[in-house]
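**Student:** So I've got this file, target.pdb, and it contains PDB, C-alpha atoms:
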```
MODEL        1
ATOM      1  CA  MET Z   4      18.775 -11.654   7.899
ATOM      2  CA  LEU Z   5      19.403 -11.912   4.182
ATOM      3  CA  THR Z   6      22.974 -10.733   4.630
ATOM      4  CA  SER Z   7      23.685 -12.733   7.806
ATOM      5  CA  ILE Z   8      23.720 -16.135   6.117
ATOM      6  CA  THR Z   9      26.016 -15.966   3.104
ATOM      7  CA  PRO Z  10      28.673 -18.263   1.634
ATOM      8  CA  LEU Z  11      31.253 -15.813   3.019
ATOM      9  CA  GLY Z  12      29.852 -15.911   6.540
ATOM     10  CA  GLU Z  13      29.188 -19.632   6.558
ATOM     11  CA  ARG Z  14      32.717 -20.370   5.396
ATOM     12  CA  GLY Z  15      34.046 -18.291   8.276
ATOM     13  CA  ARG Z  16      31.899 -20.271  10.716
ATOM     14  CA  GLY Z  17      33.002 -23.599   9.246
ATOM     15  CA  ASN Z  18      29.589 -24.408   7.740
ATOM     16  CA  ARG Z  19      28.354 -25.080   4.222
ATOM     17  CA  TRP Z  20      26.082 -22.308   2.967
ATOM     18  CA  ARG Z  21      23.905 -24.582   0.836
ATOM     19  CA  ILE Z  22      23.023 -26.756   3.818
ATOM     20  CA  THR Z  23      22.286 -23.789   6.078
ATOM     21  CA  ALA Z  24      20.232 -22.081   3.345
ATOM     22  CA  ALA Z  25      18.252 -25.275   2.711
ATOM     23  CA  TRP Z  26      17.386 -25.531   6.411
ATOM     24  CA  LEU Z  27      16.526 -21.830   6.429
ATOM     25  CA  VAL Z  28      14.006 -22.343   3.613
ATOM     26  CA  ALA Z  29      12.627 -25.463   5.318
ATOM     27  CA  GLY Z  30      12.191 -23.504   8.535
ATOM     28  CA  HIS Z  31      10.301 -20.804   6.675
ATOM     29  CA  LEU Z  32       7.910 -23.408   5.289
ATOM     30  CA  VAL Z  33       7.290 -24.880   8.747
ATOM     31  CA  GLY Z  34       6.734 -21.392  10.162
ATOM     32  CA  GLY Z  35       4.369 -20.559   7.320
ATOM     33  CA  ALA Z  36       2.442 -23.769   7.951
ATOM     34  CA  ALA Z  37       2.095 -22.809  11.621
ATOM     35  CA  LEU Z  38       0.863 -19.335  10.666
ATOM     36  CA  GLY Z  39      -1.584 -20.835   8.183
ATOM     37  CA  GLY Z  40      -2.951 -23.188  10.808
ATOM     38  CA  VAL Z  41      -3.525 -20.324  13.240
ATOM     39  CA  LEU Z  42      -5.198 -18.114  10.620
ATOM     40  CA  ALA Z  43      -7.385 -20.951   9.374
ATOM     41  CA  GLY Z  44      -8.453 -21.700  12.938
ATOM     42  CA  LEU Z  45      -9.200 -18.068  13.748
ATOM     43  CA  GLY Z  46     -11.088 -17.687  10.480
ATOM     44  CA  ALA Z  47     -13.195 -20.743  11.282
ATOM     45  CA  LEU Z  48     -14.015 -19.335  14.727
ATOM     46  CA  ALA Z  49     -14.903 -15.947  13.269
ATOM     47  CA  ALA Z  50     -17.131 -17.691  10.727
ATOM     48  CA  LEU Z  51     -19.303 -18.934  13.589
ATOM     49  CA  ALA Z  52     -20.310 -15.317  14.199
ATOM     50  CA  ALA Z  53     -20.234 -14.106  10.580
ATOM     51  CA  PRO Z  54     -20.452 -17.119   8.226
ATOM     52  CA  ASP Z  55     -20.994 -14.903   5.172
ATOM     53  CA  LEU Z  56     -17.663 -13.150   5.610
ATOM     54  CA  PHE Z  57     -14.954 -15.296   7.192
ATOM     55  CA  SER Z  58     -13.305 -18.620   6.377
ATOM     56  CA  GLY Z  59     -14.290 -18.669   2.718
ATOM     57  CA  GLY Z  60     -17.900 -17.625   3.289
ATOM     58  CA  GLY Z  61     -17.552 -14.255   1.582
ATOM     59  CA  ASP Z  62     -17.997 -13.425  -2.094
ATOM     60  CA  ASP Z  63     -14.707 -13.907  -3.953
ATOM     61  CA  THR Z  64     -14.739 -10.451  -5.503
ATOM     62  CA  THR Z  65     -15.424  -8.799  -2.153
ATOM     63  CA  VAL Z  66     -12.582 -10.725  -0.545
ATOM     64  CA  VAL Z  67     -10.208  -9.647  -3.325
ATOM     65  CA  ALA Z  68     -11.300  -6.033  -2.905
ATOM     66  CA  VAL Z  69     -10.814  -6.072   0.868
ATOM     67  CA  VAL Z  70      -7.415  -7.774   0.706
ATOM     68  CA  ALA Z  71      -6.239  -5.509  -2.119
ATOM     69  CA  ALA Z  72      -7.348  -2.430  -0.173
ATOM     70  CA  VAL Z  73      -5.458  -3.585   2.925
ATOM     71  CA  ALA Z  74      -2.392  -4.380   0.805
ATOM     72  CA  GLY Z  75      -2.581  -0.956  -0.852
ATOM     73  CA  LEU Z  76      -2.743   0.792   2.505
ATOM     74  CA  GLY Z  77       0.197  -1.308   3.682
ATOM     75  CA  VAL Z  78       2.387  -0.408   0.718
ATOM     76  CA  ALA Z  79       1.411   3.266   1.012
ATOM     77  CA  PHE Z  80       2.337   3.136   4.695
ATOM     78  CA  ASP Z  81       5.736   1.696   3.814
ATOM     79  CA  LEU Z  82       6.329   4.283   1.087
ATOM     80  CA  ALA Z  83       5.502   7.054   3.548
ATOM     81  CA  GLY Z  84       8.285   5.785   5.795
ATOM     82  CA  GLY Z  85       6.006   4.240   8.392
ATOM     83  CA  ARG Z  86       7.490   1.766  10.846
ATOM     84  CA  ILE Z  87       5.576  -0.962  12.636
ATOM     85  CA  PRO Z  88       6.256  -1.073  16.405
ATOM     86  CA  GLY Z  89       8.444  -3.935  17.552
ATOM     87  CA  ARG Z  90      12.171  -4.506  17.716
ATOM     88  CA  ARG Z  91      12.590  -8.249  18.236
ATOM     89  CA  GLN Z  92      15.005  -9.826  15.772
ATOM     90  CA  VAL Z  93      16.285 -13.373  15.578
ATOM     91  CA  ASP Z  94      19.091 -13.945  18.066
ATOM     92  CA  GLU Z  95      22.270 -13.556  16.038
ATOM     93  CA  ARG Z  96      24.272 -15.072  18.888
ATOM     94  CA  TRP Z  97      23.015 -18.385  17.523
ATOM     95  CA  LEU Z  98      25.343 -17.888  14.552
ATOM     96  CA  ASN Z  99      28.394 -18.503  16.711
ATOM     97  CA  THR Z 100      26.760 -20.932  19.136
ATOM     98  CA  TYR Z 101      24.983 -23.598  17.077
ATOM     99  CA  ARG Z 102      25.546 -25.568  13.906
ATOM    100  CA  GLY Z 103      24.387 -24.067  10.639
ATOM    101  CA  TRP Z 104      21.353 -26.303  10.247
ATOM    102  CA  VAL Z 105      20.171 -25.426  13.761
ATOM    103  CA  TYR Z 106      20.181 -21.650  13.369
ATOM    104  CA  GLY Z 107      19.127 -21.948   9.732
ATOM    105  CA  PHE Z 108      16.002 -23.884  10.681
ATOM    106  CA  GLY Z 109      15.399 -21.890  13.874
ATOM    107  CA  PHE Z 110      15.668 -18.533  12.134
ATOM    108  CA  GLY Z 111      13.512 -19.809   9.292
ATOM    109  CA  VAL Z 112      10.660 -20.893  11.558
ATOM    110  CA  GLN Z 113      10.611 -17.534  13.338
ATOM    111  CA  LEU Z 114      10.742 -15.542  10.116
ATOM    112  CA  GLY Z 115       8.195 -17.818   8.440
ATOM    113  CA  VAL Z 116       5.618 -17.203  11.156
ATOM    114  CA  GLY Z 117       6.165 -13.510  10.527
ATOM    115  CA  MET Z 118       4.734 -12.129  13.747
ATOM    116  CA  VAL Z 119       7.321 -13.314  16.274
ATOM    117  CA  THR Z 120      10.070 -11.068  14.888
ATOM    118  CA  VAL Z 121      10.046  -7.455  13.737
ATOM    119  CA  VAL Z 122       7.622  -6.979  10.819
ATOM    120  CA  ASN Z 123       9.449  -5.020   8.118
ATOM    121  CA  THR Z 124       6.444  -4.263   5.914
ATOM    122  CA  ALA Z 125       2.821  -3.352   6.563
ATOM    123  CA  LEU Z 126       1.994  -5.528   3.558
ATOM    124  CA  PHE Z 127       2.023  -8.437   6.006
ATOM    125  CA  ALA Z 128      -1.386  -7.191   7.205
ATOM    126  CA  ALA Z 129      -2.839  -8.273   3.857
ATOM    127  CA  VAL Z 130      -1.618 -11.822   4.465
ATOM    128  CA  LEU Z 131      -3.319 -11.866   7.862
ATOM    129  CA  VAL Z 132      -6.594 -10.457   6.529
ATOM    130  CA  ALA Z 133      -6.591 -12.841   3.567
ATOM    131  CA  GLY Z 134      -5.914 -15.769   5.893
ATOM    132  CA  LEU Z 135      -9.010 -14.919   7.931
ATOM    133  CA  LEU Z 136     -11.280 -14.397   4.925
ATOM    134  CA  LEU Z 137     -10.195 -17.342   2.776
ATOM    135  CA  SER Z 138     -11.194 -20.956   3.248
ATOM    136  CA  PRO Z 139      -8.936 -22.896   5.660
ATOM    137  CA  PRO Z 140      -7.049 -24.739   2.874
ATOM    138  CA  ALA Z 141      -6.517 -21.477   0.964
ATOM    139  CA  ALA Z 142      -5.394 -19.666   4.129
ATOM    140  CA  PHE Z 143      -2.920 -22.454   4.838
ATOM    141  CA  GLY Z 144      -1.620 -22.428   1.262
ATOM    142  CA  LEU Z 145      -1.251 -18.646   1.204
ATOM    143  CA  SER Z 146       0.735 -18.625   4.437
ATOM    144  CA  VAL Z 147       3.091 -21.350   3.226
ATOM    145  CA  LEU Z 148       3.536 -19.532  -0.090
ATOM    146  CA  TYR Z 149       4.280 -16.260   1.715
ATOM    147  CA  ALA Z 150       6.813 -17.881   4.030
ATOM    148  CA  GLY Z 151       8.373 -19.955   1.268
ATOM    149  CA  THR Z 152       8.872 -16.864  -0.883
ATOM    150  CA  ARG Z 153      10.642 -15.150   2.011
ATOM    151  CA  GLY Z 154      12.800 -18.218   2.529
ATOM    152  CA  ILE Z 155      13.800 -18.510  -1.101
ATOM    153  CA  ALA Z 156      14.982 -14.890  -0.954
ATOM    154  CA  ALA Z 157      17.950 -16.326   0.958
ATOM    155  CA  VAL Z 158      19.428 -17.529  -2.344
ATOM    156  CA  ALA Z 159      20.039 -13.880  -3.237
ATOM    157  CA  SER Z 160      23.072 -14.091  -0.969
ATOM    158  CA  GLY Z 161      24.419 -17.170  -2.717
ATOM    159  CA  ARG Z 162      27.043 -15.232  -4.671
ATOM    160  CA  VAL Z 163      28.500 -13.387  -1.686
ATOM    161  CA  ARG Z 164      32.033 -14.761  -1.621
ATOM    162  CA  SER Z 165      33.855 -11.639  -0.450
ATOM    163  CA  VAL Z 166      33.346  -8.446   1.529
ATOM    164  CA  ALA Z 167      33.036  -6.552  -1.766
ATOM    165  CA  ASP Z 168      30.229  -8.901  -2.834
ATOM    166  CA  LEU Z 169      28.474  -8.225   0.472
ATOM    167  CA  HIS Z 170      28.692  -4.462  -0.068
ATOM    168  CA  ARG Z 171      27.279  -4.853  -3.577
ATOM    169  CA  LEU Z 172      24.379  -6.915  -2.228
ATOM    170  CA  HIS Z 173      23.569  -4.232   0.350
ATOM    171  CA  GLN Z 174      23.671  -1.552  -2.330
ATOM    172  CA  ALA Z 175      21.430  -3.564  -4.654
ATOM    173  CA  LEU Z 176      18.889  -4.125  -1.873
ATOM    174  CA  ASP Z 177      18.877  -0.422  -1.018
ATOM    175  CA  ARG Z 178      18.396   0.557  -4.669
ATOM    176  CA  SER Z 179      15.575  -1.910  -5.289
ATOM    177  CA  GLU Z 180      13.526  -1.179  -2.155
ATOM    178  CA  ARG Z 181      11.631   1.867  -3.431
ATOM    179  CA  VAL Z 182      11.211   0.414  -6.918
ATOM    180  CA  VAL Z 183       9.672  -2.758  -5.507
ATOM    181  CA  GLN Z 184       7.388  -0.802  -3.178
ATOM    182  CA  ARG Z 185       6.121   1.442  -5.966
ATOM    183  CA  SER Z 186       5.594  -1.506  -8.304
ATOM    184  CA  LEU Z 187       3.625  -3.322  -5.604
ATOM    185  CA  LEU Z 188       1.513  -0.242  -4.934
ATOM    186  CA  ALA Z 189       0.681   0.075  -8.636
ATOM    187  CA  ALA Z 190      -0.187  -3.623  -8.918
ATOM    188  CA  VAL Z 191      -2.310  -3.591  -5.764
ATOM    189  CA  ALA Z 192      -4.094  -0.418  -6.843
ATOM    190  CA  THR Z 193      -4.953  -2.037 -10.175
ATOM    191  CA  VAL Z 194      -6.303  -5.190  -8.522
ATOM    192  CA  ALA Z 195      -8.265  -3.171  -5.973
ATOM    193  CA  SER Z 196      -9.802  -0.961  -8.666
ATOM    194  CA  VAL Z 197     -10.883  -3.937 -10.765
ATOM    195  CA  ALA Z 198     -12.316  -5.701  -7.715
ATOM    196  CA  VAL Z 199     -14.228  -2.618  -6.543
ATOM    197  CA  VAL Z 200     -15.726  -2.129  -9.993
ATOM    198  CA  ALA Z 201     -16.715  -5.802 -10.082
ATOM    199  CA  VAL Z 202     -18.375  -5.524  -6.675
ATOM    200  CA  THR Z 203     -20.449  -2.503  -7.699
ATOM    201  CA  LEU Z 204     -21.667  -4.022 -10.980
TER     202      LEU Z 204
ENDMDL
END
```
Would you put the structure from the file into structure tokens?

**Tutor:**
Amino acid sequence: MLTSITPLGERGRGNRWRITAAWLVAGHLVGGAALGGVLAGLGALAALAAPDLFSGGGDDTTVVAVVAAVAGLGVAFDLAGGRIPGRRQVDERWLNTYRGWVYGFGFGVQLGVGMVTVVNTALFAAVLVAGLLLSPPAAFGLSVLYAGTRGIAAVASGRVRSVADLHRLHQALDRSERVVQRSLLAAVATVASVAVVAVTL
């Protein structure tokens, strides 16, 4: 998705990249808000059965430990080459069918929700778990932050003005993938260790 909407591609389709990218980010935020609403609602329902655990009822340190553990498992799964079942992508036929703001917003909403397209990282499980355990406002805020961060990643393609630029972007993404995964695993492991120690004290 990151390499589908670029200044190079938008110019070829007769659209302005900045407008399409802005709608893409806006769509992500709307999708994240929808995800946050669902998680907050599910967390509130689960809290009826276990009020001391879900929807902000749990101890903060315990919640951090659980979420960090899930995130650590997710990153380890990714590093091991694991793939989450599911093949649905956004419909790239939209690129040549609709105006830039339409597919920008439409793609953004789908990607912002996270679960309606292929999930590229098991780390997403940590977002879902955190959304259920946190208070409704925090779950909503986390989901919007997650989706907004994904949307803003679209600006990484802002300098793609030629085919050579596109190749360089692909190479940079390939090079950074393992580094980012390992850095995340180290960070998550640190947070999880601190949280577990705090829980046992």

**Student:** Spell out the residues picked by the PyMOL selection byres ((chain Z and resi 120) around 12) here, as a list in words.

**Tutor:**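 For this structure, the PyMOL selection byres ((chain Z and resi 120) around 12) captures Met4, Gly34, Ile87, Pro88, Gly89, Arg90, Arg91, Gln92, Val93, Asp94, Phe110, Gly111, Val112, Gln113, Leu114, Gly115, Val116, Gly117, Met118, Val119, Val121, Val122, Asn123 and Thr124 of chain Z.
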
**Student:** Got time to write the residues from that selection, C-alpha atoms, as a PDB file, keeping the file's coordinate frame?

**Tutor:**
```
ATOM      1  CA  MET Z   4      18.775 -11.654   7.899  1.00  0.00           C
ATOM      2  CA  GLY Z  34       6.734 -21.392  10.162  1.00  0.00           C
ATOM      3  CA  ILE Z  87       5.576  -0.962  12.636  1.00  0.00           C
ATOM      4  CA  PRO Z  88       6.256  -1.073  16.405  1.00  0.00           C
ATOM      5  CA  GLY Z  89       8.444  -3.935  17.552  1.00  0.00           C
ATOM      6  CA  ARG Z  90      12.171  -4.506  17.716  1.00  0.00           C
ATOM      7  CA  ARG Z  91      12.590  -8.249  18.236  1.00  0.00           C
ATOM      8  CA  GLN Z  92      15.005  -9.826  15.772  1.00  0.00           C
ATOM      9  CA  VAL Z  93      16.285 -13.373  15.578  1.00  0.00           C
ATOM     10  CA  ASP Z  94      19.091 -13.945  18.066  1.00  0.00           C
ATOM     11  CA  PHE Z 110      15.668 -18.533  12.134  1.00  0.00           C
ATOM     12  CA  GLY Z 111      13.512 -19.809   9.292  1.00  0.00           C
ATOM     13  CA  VAL Z 112      10.660 -20.893  11.558  1.00  0.00           C
ATOM     14  CA  GLN Z 113      10.611 -17.534  13.338  1.00  0.00           C
ATOM     15  CA  LEU Z 114      10.742 -15.542  10.116  1.00  0.00           C
ATOM     16  CA  GLY Z 115       8.195 -17.818   8.440  1.00  0.00           C
ATOM     17  CA  VAL Z 116       5.618 -17.203  11.156  1.00  0.00           C
ATOM     18  CA  GLY Z 117       6.165 -13.510  10.527  1.00  0.00           C
ATOM     19  CA  MET Z 118       4.734 -12.129  13.747  1.00  0.00           C
ATOM     20  CA  VAL Z 119       7.321 -13.314  16.274  1.00  0.00           C
ATOM     21  CA  VAL Z 121      10.046  -7.455  13.737  1.00  0.00           C
ATOM     22  CA  VAL Z 122       7.622  -6.979  10.819  1.00  0.00           C
ATOM     23  CA  ASN Z 123       9.449  -5.020   8.118  1.00  0.00           C
ATOM     24  CA  THR Z 124       6.444  -4.263   5.914  1.00  0.00           C
TER      25      THR Z 124
END
```

**Student:** With distances taken over only C-alpha atoms, which of Z:Gly44, Z:Gly12, Z:Pro54, Z:Gly77 is nearest to Pro139 in chain Z?

**Tutor:**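 Ranked by minimum distance to Pro139 in chain Z, first place goes to Z:Gly44.
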
**Student:** Of the candidates Z:Ser179, Z:Ser138, Z:Ser165, Z:Gln174, which shows the shortest atom-to-atom distance to Arg14 in chain Z, using all atoms listed in the file?

**Tutor:**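 Closest to Arg14 in chain Z, using all atoms listed in the file: Z:Ser165.
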
**Student:** Looking at Z:Leu32, Z:Leu136, Z:Leu51, Z:Val41, which one is nearest to Asp63 in chain Z, with distances taken over all atoms listed in the file?

**Tutor:**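 Comparing Z:Leu32, Z:Leu136, Z:Leu51, Z:Val41 against Asp63 in chain Z, the winner is Z:Leu136.
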
**Student:** Which of these, Z:Leu148, Z:Leu172, Z:Val69, Z:Val78, has the shortest distance to Val132 in chain Z once you count all atoms listed in the file?

**Tutor:**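 So, comparing all the options, the nearest one is Z:Val69.
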
**Student:** Can you work out which one of Z:Arg102, Z:Ala157, Z:Leu137, Z:Leu126 has the shortest atom-to-atom distance to Phe57 in chain Z, counting only C-alpha atoms?

**Tutor:** Z:Leu137

**Student:** What's the 12 Å shell around Pro10 in chain Z, counting all atoms listed in the file, without same-chain residues fewer than 6 positions away, as a list in words?

**Tutor:**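 Those residues are Arg16, Gly17, Asn18, Arg19, Trp20, Arg21, Ile22, Thr23, Ala24, Gly103, Ala157, Val158, Ala159, Ser160, Gly161, Arg162, Val163, Arg164, Ser165, Val166, Asp168 and Leu169 of chain Z.
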
**Student:** Just the residues within 10 Å of range 58-61 of chain Z, please, counting all atoms listed in the file, with nothing from its chain fewer than 3 positions along; format it as a ChimeraX atom specification.

**Tutor:** /Z:42-51,53-55,64-67,133-142

**Student:** Please report the interatomic distance between CA of Ser7 in chain Z and CA of Thr152 in chain Z in Å with one decimal.

**Tutor:**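 About the pair CA of Ser7 in chain Z and CA of Thr152 in chain Z: they are 17.7 Å apart.
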
**Student:** Mind checking which residues fall within 8 Å of Tyr149 in chain Z, counting all atoms listed in the file, ignoring those fewer than 4 positions away in the same chain, and posting them as JSON, numbers by chain?

**Tutor:** {"Z": [35, 115, 130, 145, 153]}

**Student:** Under the rule that all atoms listed in the file are counted, which of Z:Asp81, Z:Leu27, Z:Leu11, Z:Val33 is the nearest residue to Tyr106 in chain Z?

**Tutor:**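 Of all the options, Z:Leu27 lies closest to Tyr106 in chain Z.
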
**Student:** Please measure the separation of CA of Ala125 in chain Z and CA of Gly109 in chain Z, giving the value in Å to one decimal.

**Tutor:**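 Going from CA of Ala125 in chain Z over to CA of Gly109 in chain Z covers 23.6 Å.
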
**Student:** Quick one: pull the distance between CA of Ala150 in chain Z and CA of Ala37 in chain Z, Å, one decimal.

**Tutor:**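 Interatomic distance, CA of Ala150 in chain Z to CA of Ala37 in chain Z: 10.2 Å.
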